[in-house]
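Data from model-v4.cif: mmCIF, C-alpha atoms and all ligand atoms
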data_entry
loop_
_atom_site.label_atom_id
_atom_site.label_comp_id
_atom_site.auth_asym_id
_atom_site.auth_seq_id
_atom_site.Cartn_x
_atom_site.Cartn_y
_atom_site.Cartn_z
CA MET A 1 18.05 8.55 21.53
CA GLN A 2 15.57 11.25 22.56
CA LYS A 3 12.30 10.29 24.25
CA PHE A 4 9.21 9.96 22.09
CA THR A 5 5.60 8.81 21.86
CA TYR A 6 4.64 7.16 18.60
CA GLN A 7 1.43 6.03 17.01
CA ASN A 8 0.56 5.83 13.34
CA PRO A 9 -3.17 5.20 13.11
CA THR A 10 -3.49 5.09 9.28
CA ARG A 11 -4.62 1.69 8.04
CA ILE A 12 -2.72 0.83 4.84
CA HIS A 13 -4.22 -1.22 2.00
CA PHE A 14 -1.28 -2.04 -0.26
CA GLY A 15 -1.34 -3.73 -3.66
CA GLU A 16 -3.24 -4.17 -6.88
CA GLY A 17 -7.03 -3.97 -6.61
CA GLN A 18 -6.99 -2.60 -3.07
CA ILE A 19 -9.15 0.41 -3.92
CA ALA A 20 -12.09 -1.96 -3.41
CA ALA A 21 -11.17 -2.12 0.29
CA ILE A 22 -12.43 1.40 0.93
CA ALA A 23 -16.00 0.09 0.72
CA ASN A 24 -15.58 -1.40 4.19
CA ASP A 25 -13.46 1.38 5.66
CA ILE A 26 -16.01 4.15 5.17
CA PRO A 27 -19.16 3.65 7.29
CA LYS A 28 -22.24 3.23 5.10
CA ASP A 29 -24.15 6.01 6.84
CA LYS A 30 -21.57 8.64 5.84
CA LYS A 31 -22.11 11.15 3.05
CA VAL A 32 -18.81 11.12 1.21
CA LEU A 33 -17.16 13.91 -0.78
CA VAL A 34 -14.55 12.50 -3.18
CA ILE A 35 -11.86 15.14 -3.79
CA TYR A 36 -9.42 14.98 -6.69
CA GLY A 37 -7.15 17.06 -8.89
CA GLY A 38 -6.95 17.94 -12.56
CA GLY A 39 -8.38 14.73 -13.93
CA SER A 40 -5.53 12.19 -14.12
CA ILE A 41 -7.76 9.76 -12.20
CA LYS A 42 -10.28 9.81 -15.03
CA LYS A 43 -7.66 8.61 -17.53
CA ASN A 44 -6.05 5.76 -15.61
CA GLY A 45 -9.02 3.82 -14.31
CA VAL A 46 -8.75 5.04 -10.72
CA TYR A 47 -11.99 7.02 -10.85
CA GLU A 48 -13.93 3.96 -12.05
CA GLN A 49 -12.47 1.82 -9.28
CA VAL A 50 -13.38 4.44 -6.67
CA SER A 51 -16.93 4.74 -8.09
CA ALA A 52 -17.33 0.96 -7.98
CA ALA A 53 -16.08 0.78 -4.40
CA LEU A 54 -18.53 3.50 -3.32
CA ALA A 55 -21.54 1.87 -5.02
CA SER A 56 -23.36 1.46 -1.68
CA HIS A 57 -22.48 4.91 -0.36
CA GLU A 58 -24.05 8.29 -0.89
CA TRP A 59 -21.33 10.42 -2.47
CA ALA A 60 -20.47 13.36 -4.73
CA GLU A 61 -17.24 14.85 -6.03
CA PHE A 62 -15.12 17.99 -5.94
CA ALA A 63 -12.52 18.29 -8.71
CA GLY A 64 -9.79 20.77 -9.51
CA VAL A 65 -7.39 20.74 -6.54
CA GLU A 66 -4.21 21.98 -8.20
CA PRO A 67 -0.57 21.00 -7.59
CA ASN A 68 0.51 23.08 -4.57
CA PRO A 69 -3.14 23.27 -3.50
CA GLN A 70 -4.58 26.76 -3.40
CA TYR A 71 -6.53 28.11 -0.45
CA ASP A 72 -9.25 29.71 -2.58
CA THR A 73 -9.97 26.43 -4.38
CA LEU A 74 -10.06 24.49 -1.13
CA MET A 75 -12.49 26.98 0.42
CA LYS A 76 -14.92 26.26 -2.43
CA ALA A 77 -14.97 22.65 -1.28
CA VAL A 78 -15.56 23.82 2.30
CA GLU A 79 -18.58 25.79 1.09
CA LYS A 80 -19.95 22.74 -0.72
CA ILE A 81 -19.47 20.61 2.39
CA ARG A 82 -21.30 23.12 4.59
CA ASN A 83 -24.16 23.53 2.11
CA GLU A 84 -24.64 19.86 1.33
CA LYS A 85 -23.64 18.36 4.70
CA PHE A 86 -20.91 15.92 3.75
CA ASP A 87 -19.41 14.15 6.75
CA TYR A 88 -16.54 12.08 5.26
CA LEU A 89 -13.81 13.05 2.79
CA LEU A 90 -11.99 10.78 0.35
CA ALA A 91 -8.87 12.24 -1.30
CA VAL A 92 -7.88 10.58 -4.58
CA GLY A 93 -4.56 11.74 -6.02
CA GLY A 94 -1.08 12.89 -5.10
CA GLY A 95 0.22 14.87 -2.15
CA SER A 96 -1.51 18.05 -3.27
CA VAL A 97 -4.96 16.46 -3.28
CA ILE A 98 -4.34 14.76 0.07
CA ASP A 99 -2.91 17.92 1.66
CA GLY A 100 -5.77 19.95 0.22
CA THR A 101 -8.29 17.48 1.65
CA LYS A 102 -6.63 17.68 5.05
CA PHE A 103 -7.04 21.43 5.04
CA ILE A 104 -10.65 21.16 3.84
CA ALA A 105 -11.34 18.69 6.68
CA ALA A 106 -10.01 21.16 9.25
CA ALA A 107 -11.48 24.30 7.68
CA ALA A 108 -14.96 22.74 7.45
CA CYS A 109 -15.01 22.41 11.25
CA TYR A 110 -13.15 25.64 12.05
CA GLU A 111 -15.13 28.03 14.21
CA GLY A 112 -12.72 30.96 14.24
CA GLU A 113 -12.79 34.05 12.07
CA ASP A 114 -10.61 32.99 9.12
CA PRO A 115 -9.51 29.42 8.30
CA TRP A 116 -6.30 30.79 6.77
CA HIS A 117 -5.21 31.32 10.38
CA ILE A 118 -4.84 27.53 10.70
CA LEU A 119 -1.76 28.07 8.51
CA ALA A 120 -0.71 31.68 8.96
CA LYS A 121 -1.21 31.82 12.74
CA GLN A 122 -0.96 28.08 13.43
CA HIS A 123 -4.37 28.11 15.17
CA THR A 124 -5.13 24.86 16.94
CA VAL A 125 -7.37 22.55 14.95
CA GLU A 126 -10.03 21.51 17.46
CA ALA A 127 -11.93 19.22 15.09
CA ALA A 128 -11.82 17.96 11.51
CA LEU A 129 -13.95 15.77 9.28
CA PRO A 130 -12.76 12.15 9.01
CA LEU A 131 -10.81 11.40 5.83
CA GLY A 132 -9.23 8.57 3.91
CA CYS A 133 -7.18 8.57 0.73
CA VAL A 134 -6.26 6.73 -2.44
CA LEU A 135 -2.65 7.64 -3.27
CA THR A 136 -1.65 7.88 -6.94
CA LEU A 137 1.80 9.51 -6.64
CA PRO A 138 4.40 8.17 -4.20
CA ALA A 139 6.33 11.16 -2.86
CA THR A 140 5.09 13.18 0.08
CA GLY A 141 4.11 10.64 2.73
CA SER A 142 0.97 12.73 3.24
CA GLU A 143 -1.11 9.54 2.92
CA SER A 144 -0.10 8.44 6.42
CA ASN A 145 1.06 11.55 8.23
CA LYS A 146 -0.51 14.54 9.95
CA GLY A 147 1.00 17.34 7.87
CA ALA A 148 -0.30 19.42 4.98
CA VAL A 149 1.04 22.27 2.90
CA VAL A 150 -1.30 24.87 1.38
CA SER A 151 -0.58 27.89 -0.81
CA ARG A 152 -2.19 31.29 -1.11
CA GLY A 153 -0.50 33.57 -3.59
CA LYS A 154 3.20 33.47 -2.78
CA ASP A 155 2.64 32.09 0.71
CA LYS A 156 3.19 28.34 0.94
CA LEU A 157 2.57 27.30 4.54
CA ALA A 158 2.30 24.05 6.49
CA PHE A 159 0.26 22.84 9.44
CA MET A 160 0.28 19.61 11.43
CA THR A 161 -2.37 17.99 13.56
CA ASP A 162 -3.41 14.47 14.47
CA LYS A 163 -6.96 15.52 13.57
CA VAL A 164 -6.26 15.34 9.81
CA GLN A 165 -4.25 12.13 9.68
CA PRO A 166 -5.93 9.86 7.10
CA LEU A 167 -7.84 6.97 8.69
CA PHE A 168 -6.85 4.74 5.79
CA ALA A 169 -4.67 4.94 2.68
CA VAL A 170 -4.84 2.78 -0.43
CA LEU A 171 -1.43 2.27 -2.04
CA ASP A 172 -1.93 0.45 -5.33
CA PRO A 173 1.33 0.68 -7.32
CA THR A 174 -0.52 0.05 -10.61
CA THR A 175 -2.12 3.49 -10.23
CA THR A 176 1.35 5.03 -10.54
CA LEU A 177 2.05 3.55 -13.99
CA SER A 178 0.38 6.55 -15.65
CA LEU A 179 2.74 9.06 -14.03
CA SER A 180 4.97 11.12 -16.30
CA PRO A 181 8.74 10.57 -15.93
CA ARG A 182 8.91 14.05 -14.39
CA GLN A 183 6.43 13.14 -11.64
CA VAL A 184 8.13 9.78 -11.02
CA ALA A 185 11.45 11.55 -10.58
CA ASN A 186 9.93 14.26 -8.40
CA GLY A 187 8.44 11.63 -6.11
CA VAL A 188 11.69 9.71 -5.66
CA VAL A 189 13.64 12.89 -4.94
CA ASP A 190 11.04 14.26 -2.50
CA ALA A 191 11.07 10.99 -0.55
CA PHE A 192 14.89 10.96 -0.58
CA VAL A 193 15.04 14.45 0.90
CA HIS A 194 12.42 13.57 3.53
CA VAL A 195 14.72 10.82 4.77
CA MET A 196 17.75 13.10 4.65
CA GLU A 197 16.07 15.83 6.70
CA GLN A 198 15.41 13.35 9.51
CA TYR A 199 18.81 11.64 9.20
CA LEU A 200 21.46 14.19 8.28
CA THR A 201 21.68 16.06 11.57
CA PHE A 202 23.84 14.91 14.51
CA PRO A 203 24.16 11.43 16.06
CA VAL A 204 21.98 10.56 19.05
CA ASN A 205 22.76 6.85 18.97
CA ALA A 206 19.40 5.99 17.39
CA LYS A 207 20.42 2.84 15.57
CA VAL A 208 16.98 1.71 14.43
CA GLN A 209 16.14 5.10 12.94
CA ASP A 210 19.57 5.46 11.30
CA ARG A 211 19.67 2.04 9.72
CA PHE A 212 16.04 2.21 8.67
CA ALA A 213 16.71 5.61 7.07
CA GLU A 214 19.79 4.26 5.31
CA GLY A 215 17.74 1.36 3.93
CA LEU A 216 15.18 3.77 2.52
CA LEU A 217 17.91 5.92 0.93
CA LEU A 218 19.50 2.85 -0.68
CA ASN A 219 16.11 1.75 -2.04
CA LEU A 220 15.53 5.11 -3.65
CA ILE A 221 19.03 5.25 -5.15
CA GLU A 222 18.57 1.71 -6.50
CA GLU A 223 14.95 1.82 -7.67
CA GLY A 224 14.59 5.49 -8.71
CA PRO A 225 16.66 5.25 -11.91
CA LYS A 226 14.97 1.91 -12.73
CA ALA A 227 11.55 3.58 -12.61
CA LEU A 228 12.74 5.95 -15.35
CA ALA A 229 14.54 3.27 -17.40
CA THR A 230 11.87 0.56 -17.18
CA PRO A 231 8.66 2.46 -16.45
CA ASP A 232 6.42 -0.62 -16.77
CA ASP A 233 8.18 -2.55 -13.99
CA LEU A 234 5.52 -2.90 -11.29
CA ASP A 235 7.94 -4.31 -8.69
CA VAL A 236 10.01 -1.17 -8.96
CA ARG A 237 6.91 1.00 -8.53
CA ALA A 238 5.78 -1.06 -5.55
CA ASN A 239 9.10 -0.65 -3.78
CA ILE A 240 9.21 3.06 -4.47
CA MET A 241 5.65 3.49 -3.23
CA TRP A 242 6.22 1.74 0.08
CA THR A 243 9.58 3.47 0.55
CA ALA A 244 8.08 6.93 0.02
CA THR A 245 5.37 6.21 2.58
CA GLN A 246 7.91 5.02 5.16
CA ALA A 247 10.08 8.07 4.47
CA LEU A 248 7.56 10.42 6.06
CA ASN A 249 5.11 8.43 8.16
CA GLY A 250 6.84 9.52 11.35
CA LEU A 251 8.70 6.29 12.13
CA ILE A 252 12.26 7.23 11.16
CA GLY A 253 11.76 10.66 12.72
CA VAL A 254 10.99 9.54 16.26
CA GLY A 255 13.64 10.22 18.90
CA VAL A 256 16.02 11.99 16.52
CA PRO A 257 16.71 15.64 15.66
CA HIS A 258 15.23 17.01 12.42
CA ASP A 259 16.42 19.63 9.95
CA TRP A 260 13.69 20.92 7.64
CA ALA A 261 15.76 23.82 6.31
CA THR A 262 15.83 22.40 2.77
CA HIS A 263 12.03 22.16 2.73
CA MET A 264 11.48 25.60 4.23
CA ILE A 265 13.83 27.28 1.72
CA GLY A 266 12.33 25.12 -1.05
CA HIS A 267 8.80 26.29 -0.21
CA GLU A 268 9.88 29.88 -0.97
CA LEU A 269 11.19 28.76 -4.36
CA THR A 270 7.82 27.20 -5.15
CA GLY A 271 5.86 30.13 -3.72
CA ASN A 272 7.78 32.74 -5.71
CA TYR A 273 8.64 30.91 -8.91
CA GLY A 274 6.25 27.93 -9.15
CA ILE A 275 9.07 25.36 -9.25
CA ASP A 276 7.90 21.78 -8.55
CA HIS A 277 8.36 20.93 -4.86
CA ALA A 278 10.94 18.15 -5.37
CA ARG A 279 12.94 20.26 -7.81
CA THR A 280 13.40 22.95 -5.19
CA LEU A 281 14.77 20.31 -2.82
CA SER A 282 17.31 18.91 -5.28
CA ILE A 283 18.64 22.45 -5.70
CA VAL A 284 18.77 23.33 -1.99
CA LEU A 285 19.89 20.08 -0.32
CA PRO A 286 23.42 19.90 -1.84
CA ALA A 287 23.99 23.51 -0.79
CA VAL A 288 22.77 22.75 2.76
CA MET A 289 25.18 19.80 2.89
CA LYS A 290 28.05 22.04 1.80
CA GLU A 291 27.26 25.00 4.02
CA ARG A 292 26.30 23.04 7.17
CA ARG A 293 29.11 20.49 6.97
CA ALA A 294 30.51 21.47 10.37
CA ASP A 295 27.21 20.87 12.20
CA LYS A 296 26.54 17.68 10.23
CA GLU A 297 30.07 16.28 10.03
CA ALA A 298 29.56 13.01 11.90
CA LYS A 299 26.36 12.12 10.03
CA LEU A 300 27.83 13.21 6.68
CA LEU A 301 30.70 10.76 7.24
CA GLN A 302 28.28 8.01 8.25
CA TYR A 303 26.18 8.75 5.14
CA ALA A 304 29.30 8.70 2.94
CA GLU A 305 30.38 5.33 4.29
CA ARG A 306 27.09 3.50 4.62
CA ILE A 307 25.34 4.78 1.48
CA PHE A 308 28.24 5.16 -0.96
CA GLY A 309 31.00 3.06 0.62
CA ILE A 310 33.31 6.10 0.87
CA ARG A 311 35.99 5.27 3.45
CA GLU A 312 39.19 6.77 2.04
CA GLY A 313 40.48 10.33 2.29
CA SER A 314 40.36 13.23 4.72
CA VAL A 315 37.13 14.27 6.41
CA ASP A 316 36.59 17.02 3.85
CA GLU A 317 37.38 14.76 0.92
CA ARG A 318 34.89 12.13 2.11
CA ILE A 319 32.20 14.74 2.67
CA ASP A 320 32.85 16.34 -0.73
CA ALA A 321 32.64 12.93 -2.38
CA ALA A 322 29.32 12.17 -0.64
CA ILE A 323 27.88 15.51 -1.78
CA GLU A 324 29.05 14.82 -5.34
CA ARG A 325 27.45 11.36 -5.28
CA THR A 326 24.18 12.91 -4.05
CA ILE A 327 24.25 15.44 -6.88
CA ALA A 328 25.03 12.66 -9.36
CA PHE A 329 21.97 10.72 -8.13
CA PHE A 330 19.77 13.80 -8.57
CA LYS A 331 21.17 14.30 -12.08
CA GLU A 332 20.43 10.67 -12.87
CA MET A 333 16.85 11.41 -11.79
CA GLN A 334 16.90 14.36 -14.20
CA VAL A 335 16.12 17.04 -11.64
CA PRO A 336 17.92 20.40 -11.34
CA THR A 337 20.74 20.74 -8.81
CA ARG A 338 21.50 24.46 -9.06
CA LEU A 339 19.48 27.68 -9.20
CA ALA A 340 20.99 28.33 -12.63
CA ASP A 341 19.33 25.11 -13.88
CA VAL A 342 15.94 26.78 -13.31
CA LYS A 343 17.18 30.13 -14.65
CA LEU A 344 17.42 31.86 -11.30
CA GLY A 345 20.40 33.96 -10.23
CA GLU A 346 21.88 36.32 -7.68
CA SER A 347 19.06 38.89 -7.96
CA ASP A 348 16.43 36.29 -7.06
CA ILE A 349 18.11 35.57 -3.74
CA ASP A 350 16.85 38.89 -2.31
CA VAL A 351 13.28 37.91 -3.20
CA LEU A 352 13.70 34.56 -1.46
CA MET A 353 15.27 36.18 1.58
CA SER A 354 12.38 38.55 2.08
CA SER A 355 9.90 35.65 1.82
CA LEU A 356 11.87 33.64 4.37
CA GLU A 357 11.88 36.62 6.71
CA SER A 358 8.17 37.34 6.33
CA HIS A 359 7.38 33.70 7.07
CA GLY A 360 9.52 33.75 10.22
CA MET A 361 12.08 31.29 8.83
CA THR A 362 14.91 32.87 10.77
CA ALA A 363 16.13 29.98 12.94
CA LEU A 364 16.16 26.83 10.83
CA GLY A 365 18.04 23.56 11.12
CA GLU A 366 18.49 20.88 13.76
CA HIS A 367 20.09 23.43 16.12
CA GLY A 368 17.83 26.33 15.16
CA ASN A 369 21.03 28.16 14.23
CA ILE A 370 20.48 28.73 10.49
CA THR A 371 19.87 32.48 10.46
CA LEU A 372 18.74 34.52 7.48
CA ASN A 373 22.39 35.18 6.67
CA ASP A 374 23.08 31.45 6.69
CA SER A 375 20.12 30.85 4.37
CA ARG A 376 21.58 33.48 2.05
CA ALA A 377 24.90 31.60 2.09
CA ILE A 378 23.04 28.36 1.29
CA LEU A 379 21.26 29.99 -1.66
CA GLU A 380 24.54 31.49 -2.87
CA ALA A 381 26.12 28.04 -2.70
CA ALA A 382 23.24 26.81 -4.87
CA LEU A 383 23.73 29.43 -7.62
O1 LIG A 401 -4.14 16.75 -10.55
P1 LIG A 401 -4.00 15.50 -11.31
O2 LIG A 401 -4.72 15.52 -12.60
O3 LIG A 401 -4.30 14.27 -10.51
O4 LIG A 401 -2.45 15.40 -11.78
C1 LIG A 401 -1.37 15.34 -10.87
C2 LIG A 401 -0.55 16.63 -10.83
O5 LIG A 401 -0.62 17.34 -12.04
C3 LIG A 401 -0.37 14.35 -11.38
N1 LIG A 401 -0.65 12.96 -10.99
C4 LIG A 401 -0.85 12.47 -9.75
N2 LIG A 401 -1.01 11.13 -9.80
C5 LIG A 401 -0.95 10.78 -11.12
C6 LIG A 401 -0.75 11.94 -11.88
N3 LIG A 401 -0.63 11.92 -13.22
C7 LIG A 401 -0.75 10.72 -13.82
N4 LIG A 401 -0.93 9.56 -13.16
C8 LIG A 401 -1.02 9.54 -11.80
N5 LIG A 401 -1.16 8.38 -11.14
O6 LIG A 401 0.86 14.75 -10.83
C9 LIG A 401 0.88 16.15 -10.69
C10 LIG A 401 1.52 16.52 -9.36
O7 LIG A 401 0.71 16.08 -8.29
P2 LIG A 401 0.97 16.59 -6.80
O8 LIG A 401 -0.08 15.98 -5.95
O9 LIG A 401 1.11 18.07 -6.80
O10 LIG A 401 2.41 15.99 -6.48
P3 LIG A 401 3.04 15.50 -5.13
O11 LIG A 401 2.46 14.22 -4.69
O12 LIG A 401 4.48 15.57 -5.38
O13 LIG A 401 2.60 16.60 -4.04
C11 LIG A 401 3.29 17.81 -3.89
C12 LIG A 401 2.67 18.63 -2.79
O14 LIG A 401 2.81 17.98 -1.51
C13 LIG A 401 3.42 18.88 -0.59
C14 LIG A 401 4.28 19.73 -1.49
O15 LIG A 401 4.69 20.92 -0.85
C15 LIG A 401 3.36 19.97 -2.65
O16 LIG A 401 2.44 21.00 -2.37
N6 LIG A 401 4.11 18.11 0.47
C16 LIG A 401 3.39 17.57 1.46
C17 LIG A 401 3.96 16.89 2.53
C18 LIG A 401 3.16 16.31 3.61
N7 LIG A 401 1.86 16.49 3.63
O17 LIG A 401 3.70 15.65 4.49
C19 LIG A 401 5.41 16.75 2.65
C20 LIG A 401 6.16 17.12 1.42
O18 LIG A 401 7.41 17.60 1.83
C21 LIG A 401 5.54 18.13 0.56
O19 LIG A 401 5.90 19.41 1.06
ZN ZN A 402 8.79 17.17 0.49
#
Could I get this structure in the form of structure tokens?
Ligand code: NZQ
Ligand code: ZN
Amino acid sequence: MQKFTYQNPTRIHFGEGQIAAIANDIPKDKKVLVIYGGGSIKKNGVYEQVSAALASHEWAEFAGVEPNPQYDTLMKAVEKIRNEKFDYLLAVGGGSVIDGTKFIAAAACYEGEDPWHILAKQHTVEAALPLGCVLTLPATGSESNKGAVVSRGKDKLAFMTDKVQPLFAVLDPTTTLSLSPRQVANGVVDAFVHVMEQYLTFPVNAKVQDRFAEGLLLNLIEEGPKALATPDDLDVRANIMWTATQALNGLIGVGVPHDWATHMIGHELTGNYGIDHARTLSIVLPAVMKERRADKEAKLLQYAERIFGIREGSVDERIDAAIERTIAFFKEMQVPTRLADVKLGESDIDVLMSSLESHGMTALGEHGNITLNDSRAILEAAL
């Protein structure tokens, strides 16, 4: 196991009715800006619960953060904050709203020339407004991590800093009952790939992280299809919600190598073609597994055995079977598994390659050895 320092400071309020708990988590002397998306929270009772919880606070709202949050929209919130002197942010929504709020929190305190440089030039975030969140879509883990992804035109870029980690997160599974089957599936698949990118690398004898990761994968394989088949089952939603949070709250990623190649290639698919985040991952991951099988051999075999019980056959046969089972799970979740499924082909690969190059994605993977040519091979394997 590699050395690490770990702290996750986000206080979690889990379960039905827990939105009320934010009343005590936000100091009464704060002026709160509630930030949300396209209005789903006004249809499922979440907005009313947030309003009730903030009855003793001074607050206002900023709506319209879009999926894959856009820089220009977020900067409008920054302007409002500066003009009206808000000093606490509450994100209410999915990963896009939470990520967008994280960027707003940092940009509002940014003293440099252009807040876009927080993403494009990875400028250090010296300060950020405090923020909390009410999660309504289990998927990204953003509710209790320090990362955020923001888009501007075709550029979809990430930044990470402790300064924007939510101070608290409300996870009430009943809020997820209004999700469309597409968003439920997206969430399960995104969480699955988060675990895989921290697990499917090379062994470092990190038994806690490995077995914890395997437990999360098994949960998602078991509960994901149930969430589509029996969408009213609250126990299923609760387990998915807690699993998705654990998938990317930092815990399974400590002391182990990471491979975010699938995410980095996926971001270019979203940036150029607007494909939902999770649906880019279900296309790219199987191709990464195929193309990087030599680097990942030991973990692929462990994954095959411990997740799918595959013990028979040659090394290649076991790995092929594990990849097929992964694809079958994605198909069960009704997400695309090839570029052709989203009507992309050979000619689109050049577009993706130039985006990868312009974003400096030239040394991806757990060994930093996935060159542009290797990414091309991965995309060709995904055709
Ligand atoms: O905007 P509203 O009206 O709220 O509708 C949203 C949106 O249209 C809707 N939705 C959310 N909760 C709902 C609901 N509809 C009905 N009932 C509910 N309870 O779902 C749609 C998608 O929401 P979005 O927030 O975009 O989805 P998700 O949570 O999957 O977030 C995706 C974003 O997170 C980034 C992705 O790149 C993408 O931009 N990620 C962030 C990460 C992080 N911060 O650690 C890691 C991830 O890898 C990911 O990259
Ligand atoms: Zn993701």
Around all the atoms of ligand LIG 401 (chain A) listed in the file, with 6 Å of room on each side, what axis-aligned box do you get, giving centre and edge lengths in Å to one decimal, as lines of an AutoDock Vina configuration file?
center_x = 1.3
center_y = 14.7
center_z = -4.7
size_x = 24.1
size_y = 24.6
size_z = 30.3
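Minimum distance to ligand ZN 402 (chain A) across A:Ile81, A:Ile221, A:Leu90, A:Val193 (counting all atoms listed in the file) occurs at A:Val193.
Closest to ligand ZN 402 (chain A) among A:Ser56, A:Asn68, A:Asn205, A:Thr174 is A:Asn68, based on only C-alpha atoms and all ligand atoms.
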Which one is closest to Val164 (chain A): A:Ile41, A:Ala106, A:Val149, A:Val204? Count all atoms listed in the file.
A:Ala106
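Considering the residues A:Ser355, A:Ser347, A:Asn186, A:Thr161 and counting only C-alpha atoms and all ligand atoms, ligand LIG 401 (chain A) has its shortest atom-to-atom contact with A:Asn186.
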Nearby residues (all atoms listed in the file) at most 12 Å from Glu317 (chain A), same-chain spacing under 3 positions excluded, as a PyMOL selection string:
chain A and resi 290+293+297+300-301+304+310-314+320-324
So that I can see what lies close to Lys30 (chain A), please list as an MDAnalysis selection string the residues with an atom at most 9 Å from it, counting only C-alpha atoms and leaving out residues fewer than 2 positions away in the same chain.
chainID A and resid 26:28 32 57:59 86:88
Who sits within 10 Å of Leu228 (chain A), only C-alpha atoms, same chain under 4 positions skipped, as a count of residues only
13
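We find CA of Val134 (chain A) and CA of Leu171 (chain A) to be spaced 6.6 Å apart.
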Could you give me, as a Markdown table, a per-residue list for chain A showing, wherever an atom lies at most 6 Å from an atom of ligand LIG 401 (chain A), the closest pair of atoms and their distance in Å to one decimal, using all atoms listed in the file and sorting by chain then residue number from low to high?
| residue | atom | partner | partner_atom | distance |
| --- | --- | --- | --- | --- |
| A:Gly37 | CA | A:LIG401 | O1 | 3.5 |
| A:Gly38 | CA | A:LIG401 | O2 | 3.3 |
| A:Gly39 | CA | A:LIG401 | O2 | 4.0 |
| A:Ser40 | CA | A:LIG401 | O2 | 3.7 |
| A:Ile41 | CA | A:LIG401 | O3 | 5.9 |
| A:Glu66 | CA | A:LIG401 | O1 | 5.7 |
| A:Pro67 | CA | A:LIG401 | O9 | 3.5 |
| A:Asn68 | CA | A:LIG401 | O16 | 3.6 |
| A:Gly93 | CA | A:LIG401 | O3 | 5.2 |
| A:Gly94 | CA | A:LIG401 | O8 | 3.4 |
| A:Gly95 | CA | A:LIG401 | O11 | 3.4 |
| A:Ser96 | CA | A:LIG401 | O8 | 3.7 |
| A:Val97 | CA | A:LIG401 | O8 | 5.6 |
| A:Asp99 | CA | A:LIG401 | N7 | 5.4 |
| A:Thr136 | CA | A:LIG401 | N5 | 4.3 |
| A:Leu137 | CA | A:LIG401 | N2 | 4.5 |
| A:Ala139 | CA | A:LIG401 | O11 | 5.3 |
| A:Thr140 | CA | A:LIG401 | C20 | 4.3 |
| A:Gly141 | CA | A:LIG401 | O17 | 5.3 |
| A:Ser142 | CA | A:LIG401 | N7 | 3.9 |
| A:Gly147 | CA | A:LIG401 | N7 | 4.4 |
| A:Ala148 | CA | A:LIG401 | N7 | 3.9 |
| A:Val149 | CA | A:LIG401 | O15 | 5.4 |
| A:Thr175 | CA | A:LIG401 | N5 | 5.1 |
| A:Thr176 | CA | A:LIG401 | N5 | 4.2 |
| A:Ser178 | CA | A:LIG401 | N4 | 4.1 |
| A:Leu179 | CA | A:LIG401 | N4 | 3.8 |
| A:Gln183 | CA | A:LIG401 | O6 | 5.9 |
| A:Gly187 | CA | A:LIG401 | O12 | 5.6 |
| A:His277 | CA | A:LIG401 | C14 | 5.4 |
Could those residues be written to a file, using C-alpha atoms, as a compact mmCIF listing (two decimals), in the coordinates of the input?
# COMPACT_ATOMS: atom_id res chain seq x y z
CA GLY A 37 -7.15 17.06 -8.89
CA GLY A 38 -6.95 17.94 -12.56
CA GLY A 39 -8.38 14.73 -13.93
CA SER A 40 -5.53 12.19 -14.12
CA ILE A 41 -7.76 9.76 -12.20
CA GLU A 66 -4.21 21.98 -8.20
CA PRO A 67 -0.57 21.00 -7.59
CA ASN A 68 0.51 23.08 -4.57
CA GLY A 93 -4.56 11.74 -6.02
CA GLY A 94 -1.08 12.89 -5.10
CA GLY A 95 0.22 14.87 -2.15
CA SER A 96 -1.51 18.05 -3.27
CA VAL A 97 -4.96 16.46 -3.28
CA ASP A 99 -2.91 17.92 1.66
CA THR A 136 -1.65 7.88 -6.94
CA LEU A 137 1.80 9.51 -6.64
CA ALA A 139 6.33 11.16 -2.86
CA THR A 140 5.09 13.18 0.08
CA GLY A 141 4.11 10.64 2.73
CA SER A 142 0.97 12.73 3.24
CA GLY A 147 1.00 17.34 7.87
CA ALA A 148 -0.30 19.42 4.98
CA VAL A 149 1.04 22.27 2.90
CA THR A 175 -2.12 3.49 -10.23
CA THR A 176 1.35 5.03 -10.54
CA SER A 178 0.38 6.55 -15.65
CA LEU A 179 2.74 9.06 -14.03
CA GLN A 183 6.43 13.14 -11.64
CA GLY A 187 8.44 11.63 -6.11
CA HIS A 277 8.36 20.93 -4.86
Can you tell me, as a short mmCIF file (atom, residue, chain, number, x, y, z; two decimals) with C-alpha atoms, in the coordinates of the input, what residues are no more than 12 Å from Ala53 (chain A) when counting all atoms listed in the file, ignoring any on the same chain fewer than 6 positions away?
data_model
loop_
_atom_site.label_atom_id
_atom_site.label_comp_id
_atom_site.auth_asym_id
_atom_site.auth_seq_id
_atom_site.Cartn_x
_atom_site.Cartn_y
_atom_site.Cartn_z
CA GLY A 17 -7.03 -3.97 -6.61
CA GLN A 18 -6.99 -2.60 -3.07
CA ILE A 19 -9.15 0.41 -3.92
CA ALA A 20 -12.09 -1.96 -3.41
CA ALA A 21 -11.17 -2.12 0.29
CA ILE A 22 -12.43 1.40 0.93
CA ALA A 23 -16.00 0.09 0.72
CA ASN A 24 -15.58 -1.40 4.19
CA ASP A 25 -13.46 1.38 5.66
CA ILE A 26 -16.01 4.15 5.17
CA LYS A 28 -22.24 3.23 5.10
CA VAL A 34 -14.55 12.50 -3.18
CA VAL A 46 -8.75 5.04 -10.72
CA TYR A 47 -11.99 7.02 -10.85
CA TRP A 59 -21.33 10.42 -2.47
CA LEU A 90 -11.99 10.78 0.35
CA VAL A 134 -6.26 6.73 -2.44
#
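Between CA of Met361 (chain A) and CA of Ala247 (chain A) the interatomic distance comes to 23.7 Å.
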